[in-house]
Amino acid sequence: MPAGPGQIIWDVAIELADQKTVGPQVEKESTILITGAKECGKSSILPMYLNQEELPKPTVALDYAFAHVGATNKMVKDIGHYWELGGGIWLVQLMEVVIKPETIQSLTLVIMVDLSKPTEIWVTIKSLLAAAKERIQAVVSQMKADKADILEQLKKKARDRFGKDHKDRDIVEPFLIPLVIIGGKYDIFQNSDPEHRKIICKTLRFLAHYHGATLQFFTIRDKSLGKRIEYLKNHHLFGNHYPKLHEVDHNKPLSVYVGHDSLQSIGHLTPGGQDSREMQNKSLVENFEFVFTKYFPQEKSADPQTAADPSQEPQFKEHDIDILKRQKDQELEQRRQRPFNTREQTVEKIYIDDF
């Protein structure tokens, strides 16, 4: 900037330096919470690993990163927050760190399953949806004092995402916040038994459609599928255009945007023999669960409700370590019970400029 009347170059330099010390203003903030099965590739869809050959280390508990967009010469930026929940479905209590009143209206939930392990698919989606739903209900109750219509607002947005005029609108139950289901390890899945692929694809299409989710298959070894994930993330974080590729052929990687499928197109899973009579009084979701888990009995080790805690087994006892673990468990429980506005979140911030 040129010097004004009575100014010297030093005055101008000071003025420019003062302007630069003012950080960019945030116009919009959005959040993505990535959950899913253990070792299904959740970390690989984070922006620093997407389309990279390097395989990230497994997430221990809850990892954080963020991205921002905005012209370099502007002082206003949109911020996108990424949270990845590790531990499969064992650490769902940590969802409350991310799902809270400050984020609920700009939050997208991602559930990632391992397509190569169908014996964990149903229990993974069912458990994570139930945990997220419970947390969202708690947040809504917390917000009602200041925002009495928050539940209706979320329901309206869910209906709008699915399509108010969709022929299945009175049958499905769209999730209250945007939902994305990602099928990971497609490179392994594509070589599996054709009949198994058909059953798994039909089931995932149904679960995504019924809950008002976008469905996308993915593998780190296919850059075109990595691009699809990138489009999805940019769409949910920054409102960018999302090219709605519609692919429902079980011989290809599925890509179905929310509200662009139908129960008629998906069809039903057909049980065999006497199982047909057992399905007569079941709901649509229960029918799919019944048949799918007949084909692929779900691993009890994947379900926290039925699996034993390995840390409690006698052969793993270590006196000093057990004392430290009990201490950390107590600290975690105390942290969970503290009000959100008094919590201090310690996270490793990863700056991503080229997103």
# chains A, B, ... in the order shown; residues from 1 in each chain; ligands from 1

call {"tool": "residues_around", "arguments": {"residues": "region 129-143 of chain A", "least_positions_apart": "2", "cutoff": "8 Å", "atoms": "only C-alpha atoms", "output": "PyMOL selection string"}}
result
chain A and resi 92-93+95-96+99-101+104+125-127+145-148+150-151

call {"tool": "select_by_dssp", "arguments": {"residues": "region 139-286 of chain A", "states": "helix (DSSP H, G or I)", "output": "ChimeraX atom specification"}}
result
/A:139-143,150-162,186-189,194-210,223-238,263-266,275-278,284-286

call {"tool": "atom_distance", "arguments": {"atom1": "CA of Lys117 (chain A)", "atom2": "CA of Pro243 (chain A)"}}
result
29.1 Å

call {"tool": "select_by_dssp", "arguments": {"residues": "region 157-235 of chain A", "states": "strand (DSSP E or B)", "output": "list in words"}}
result
Leu179, Val180, Ile181, Ile182, Gly183, Gly184, Ala213, Thr214, Leu215, Gln216 and Phe217 of chain A

call {"tool": "residues_around", "arguments": {"residues": "Glu247 (chain A)", "least_positions_apart": "6", "cutoff": "7 Å", "atoms": "only C-alpha atoms", "output": "VMD selection string"}}
result
chain A and resid 254 to 256

call {"tool": "closest_residue", "arguments": {"among": "A:Lys28, A:Arg197, A:Lys38, A:Lys156", "to": "Ser106 (chain A)", "atoms": "only C-alpha atoms"}}
result
A:Lys28
